[in-house]
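Engineer: Dumping the structure here so I can ask a few things about it.
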Amino acid sequence: MECASFEHTDYGENLGGVMTNQIISNGDVEMEMIYLIVGAMFLAYAGMLMLYYNVHSKERKNKPSKLISKGVMSLRRGVYEKAYAYFKIAYEYSEKINDYHNMAEALYHIGLVYKEQDDVENARYFFEEAFKIFNEYNEERGIDKTQNSLNYLESLNLE
């Protein structure tokens with residue numbers, strides 16, 4: 001049985017309407033394929049990097065508020081551990097980027113988690129911390145809601 005050799009092939013026939021009389025070795029074809037594959041991989045990688053950084057930069061702006069929203073959903077469902085985790089991560093992330101509004105929001109919501117679990121002391125602590133930040137930045141809505149929560153906790157102590 002005779003095996004075909006592909007080391008040197010004479011393409012002297014018409015290939016796609018183009019006449020060629022070149023002798024192309026397997027090594028040359030393989031190198032061209034490698035260059036094409038590497039080039040395509042590089043372009044795909046560069047495209048993925050651009051997409052990643054574009055999405056990541058947009059995500060960075062909304063991340064704390066999205067985490068807080070997810071925490072609120074968990075809090076409403078009564079999944080307190082998960083809600084606490086979302087709020088804690090939102091707080092930590094907000095702290096890194098100096099987003100004081102979302103820091104205070106996260107602290108306020110952690111207070112709500114503790115309030116829902118009847119842990120008045122921890123709830124009070126987090127409401128007071130949120131109140132300090134809201135007050136420092138003159139955020140009236142935040143001041144009002146934390147003050148209302150603190151008043152509610154105080155009414156529990158009076159009973």
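Labels for the structure tokens follow display order: chains A, B, ..., residues from 1 in each chain, ligands from 1.
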With a distance cut-off of 7 Å and only C-alpha atoms, select the neighbouring residues of region 99-102 of chain A, excluding the residue or stretch itself and same-chain residues fewer than 6 positions from it, and output the selection as a PyMOL selection string.
Structural biologist: chain A and resi 64-65+91+133
Engineer: Between CA of Glu121 (chain A) and CA of Glu136 (chain A), what is the spacing in Å?
Structural biologist: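 That distance, rounded to one decimal, is 22.7 Å.
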Engineer: Please provide the set of residues having any atom within 10 Å of Gly142 (chain A), restricted to only C-alpha atoms, with same-chain residues fewer than 4 positions apart removed, written as a compact mmCIF listing (two decimals) with N, CA and C atoms, in the first residue's frame.
Structural biologist:
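around-v7.txt written:
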# COMPACT_ATOMS: atom_id res chain seq x y z
N HIS A 101 -23.29 57.81 50.47
CA HIS A 101 -24.75 57.55 50.45
C HIS A 101 -25.03 56.05 50.56
N ALA A 104 -24.19 54.52 53.95
CA ALA A 104 -25.25 54.75 54.93
C ALA A 104 -26.46 53.86 54.64
N GLU A 105 -26.80 53.72 53.37
CA GLU A 105 -27.94 52.86 53.01
C GLU A 105 -27.69 51.42 53.45
N TYR A 108 -28.01 51.19 57.20
CA TYR A 108 -29.43 51.28 57.57
C TYR A 108 -30.12 49.93 57.35
N ALA A 130 -25.69 54.68 60.47
CA ALA A 130 -26.27 55.20 59.22
C ALA A 130 -26.70 56.66 59.42
N PHE A 131 -27.30 56.94 60.58
CA PHE A 131 -27.76 58.29 60.88
C PHE A 131 -26.59 59.28 60.84
N LYS A 132 -25.46 58.90 61.41
CA LYS A 132 -24.28 59.78 61.42
C LYS A 132 -23.86 60.16 60.01
N ILE A 133 -23.84 59.19 59.14
CA ILE A 133 -23.41 59.47 57.75
C ILE A 133 -24.46 60.31 57.03
N PHE A 134 -25.73 59.92 57.16
CA PHE A 134 -26.79 60.70 56.51
C PHE A 134 -26.77 62.14 57.01
N ASN A 135 -26.58 62.30 58.31
CA ASN A 135 -26.57 63.63 58.91
C ASN A 135 -25.36 64.44 58.42
N TYR A 137 -23.86 64.30 55.64
CA TYR A 137 -24.02 64.71 54.25
C TYR A 137 -25.40 65.32 53.97
N ASN A 138 -26.10 65.68 55.04
CA ASN A 138 -27.40 66.37 54.95
C ASN A 138 -28.39 65.68 54.02
N THR A 146 -33.90 56.84 59.27
CA THR A 146 -33.15 56.27 60.39
C THR A 146 -33.68 56.77 61.71
N GLN A 147 -34.10 58.04 61.75
CA GLN A 147 -34.68 58.57 62.99
C GLN A 147 -35.98 57.85 63.32
N ASN A 148 -36.79 57.59 62.32
CA ASN A 148 -38.03 56.84 62.54
C ASN A 148 -37.75 55.43 63.07
Engineer: Go ahead and compute the interatomic distance for CA of Met103 (chain A) and CA of Val72 (chain A), in Å to one decimal.
Structural biologist: 14.7 Å
Engineer: Rank nothing, just name the residue among A:Ile37, A:Leu150, A:Ile110, A:Ile143 nearest to Gly71 (chain A), using only C-alpha atoms.
Structural biologist: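 Using only C-alpha atoms, the shortest distance to Gly71 (chain A) belongs to A:Ile110.
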Engineer: From the list A:Leu36, A:Leu107, A:Val113, A:Ala46, which residue is nearest Met73 (chain A) when using only C-alpha atoms?
Structural biologist: A:Val113
Engineer: Excluding same-chain residues fewer than 3 positions from Lys70 (chain A), what lies within 9 Å of it counting only C-alpha atoms, as a PyMOL selection string?
Structural biologist: chain A and resi 65-67+73-75+83+86-87
Engineer: Please produce a file of those selected residues containing all heavy atoms, as a short mmCIF file (atom, residue, chain, number, x, y, z; two decimals), in the first residue's frame.
Structural biologist:
data_model
loop_
_atom_site.label_atom_id
_atom_site.label_comp_id
_atom_site.auth_asym_id
_atom_site.auth_seq_id
_atom_site.Cartn_x
_atom_site.Cartn_y
_atom_site.Cartn_z
N SER A 65 -25.66 49.94 44.71
CA SER A 65 -27.12 50.02 44.72
C SER A 65 -27.76 48.72 44.26
O SER A 65 -28.82 48.34 44.75
CB SER A 65 -27.61 51.21 43.89
OG SER A 65 -27.13 51.13 42.58
N LYS A 66 -27.11 48.01 43.33
CA LYS A 66 -27.63 46.71 42.91
C LYS A 66 -27.55 45.69 44.04
O LYS A 66 -28.47 44.91 44.26
CB LYS A 66 -26.89 46.20 41.68
CG LYS A 66 -27.27 46.89 40.41
CD LYS A 66 -26.56 46.28 39.23
CE LYS A 66 -26.97 46.99 37.95
NZ LYS A 66 -26.31 46.45 36.78
N LEU A 67 -26.43 45.72 44.76
CA LEU A 67 -26.28 44.81 45.90
C LEU A 67 -27.32 45.12 46.97
O LEU A 67 -27.91 44.22 47.56
CB LEU A 67 -24.87 44.92 46.49
CG LEU A 67 -23.76 44.33 45.64
CD1 LEU A 67 -22.40 44.79 46.14
CD2 LEU A 67 -23.85 42.82 45.62
N MET A 73 -34.49 42.52 48.54
CA MET A 73 -35.33 41.39 48.09
C MET A 73 -35.19 40.21 49.06
O MET A 73 -36.18 39.59 49.43
CB MET A 73 -34.94 40.97 46.67
CG MET A 73 -35.16 42.05 45.63
SD MET A 73 -36.88 42.42 45.39
CE MET A 73 -37.36 41.03 44.42
N SER A 74 -33.97 39.93 49.47
CA SER A 74 -33.74 38.83 50.41
C SER A 74 -34.36 39.14 51.76
O SER A 74 -34.94 38.25 52.40
CB SER A 74 -32.24 38.56 50.58
OG SER A 74 -31.68 38.12 49.37
N LEU A 75 -34.26 40.39 52.19
CA LEU A 75 -34.85 40.80 53.46
C LEU A 75 -36.37 40.61 53.44
O LEU A 75 -36.96 40.10 54.38
CB LEU A 75 -34.49 42.26 53.76
CG LEU A 75 -35.00 42.87 55.05
CD1 LEU A 75 -34.45 42.12 56.25
CD2 LEU A 75 -34.62 44.35 55.12
N ALA A 83 -29.46 38.53 53.01
CA ALA A 83 -29.65 39.98 52.98
C ALA A 83 -28.48 40.68 53.66
O ALA A 83 -27.91 41.63 53.12
CB ALA A 83 -30.97 40.35 53.67
N TYR A 86 -25.42 40.66 51.40
CA TYR A 86 -25.49 41.67 50.34
C TYR A 86 -25.21 43.06 50.89
O TYR A 86 -24.46 43.84 50.29
CB TYR A 86 -26.87 41.68 49.68
CG TYR A 86 -27.06 40.61 48.63
CD1 TYR A 86 -28.12 39.71 48.72
CD2 TYR A 86 -26.21 40.51 47.52
CE1 TYR A 86 -28.32 38.74 47.75
CE2 TYR A 86 -26.42 39.55 46.55
CZ TYR A 86 -27.47 38.67 46.67
OH TYR A 86 -27.66 37.72 45.70
N PHE A 87 -25.81 43.40 52.03
CA PHE A 87 -25.61 44.73 52.60
C PHE A 87 -24.17 44.95 53.05
O PHE A 87 -23.61 46.02 52.87
CB PHE A 87 -26.58 44.98 53.76
CG PHE A 87 -28.03 44.92 53.36
CD1 PHE A 87 -28.96 44.29 54.17
CD2 PHE A 87 -28.48 45.50 52.18
CE1 PHE A 87 -30.29 44.24 53.82
CE2 PHE A 87 -29.82 45.45 51.82
CZ PHE A 87 -30.73 44.82 52.64
#
Engineer: Just give me the gap between CA of Tyr35 (chain A) and CA of Met48 (chain A) in Å, one decimal is fine.
Structural biologist: 19.7 Å
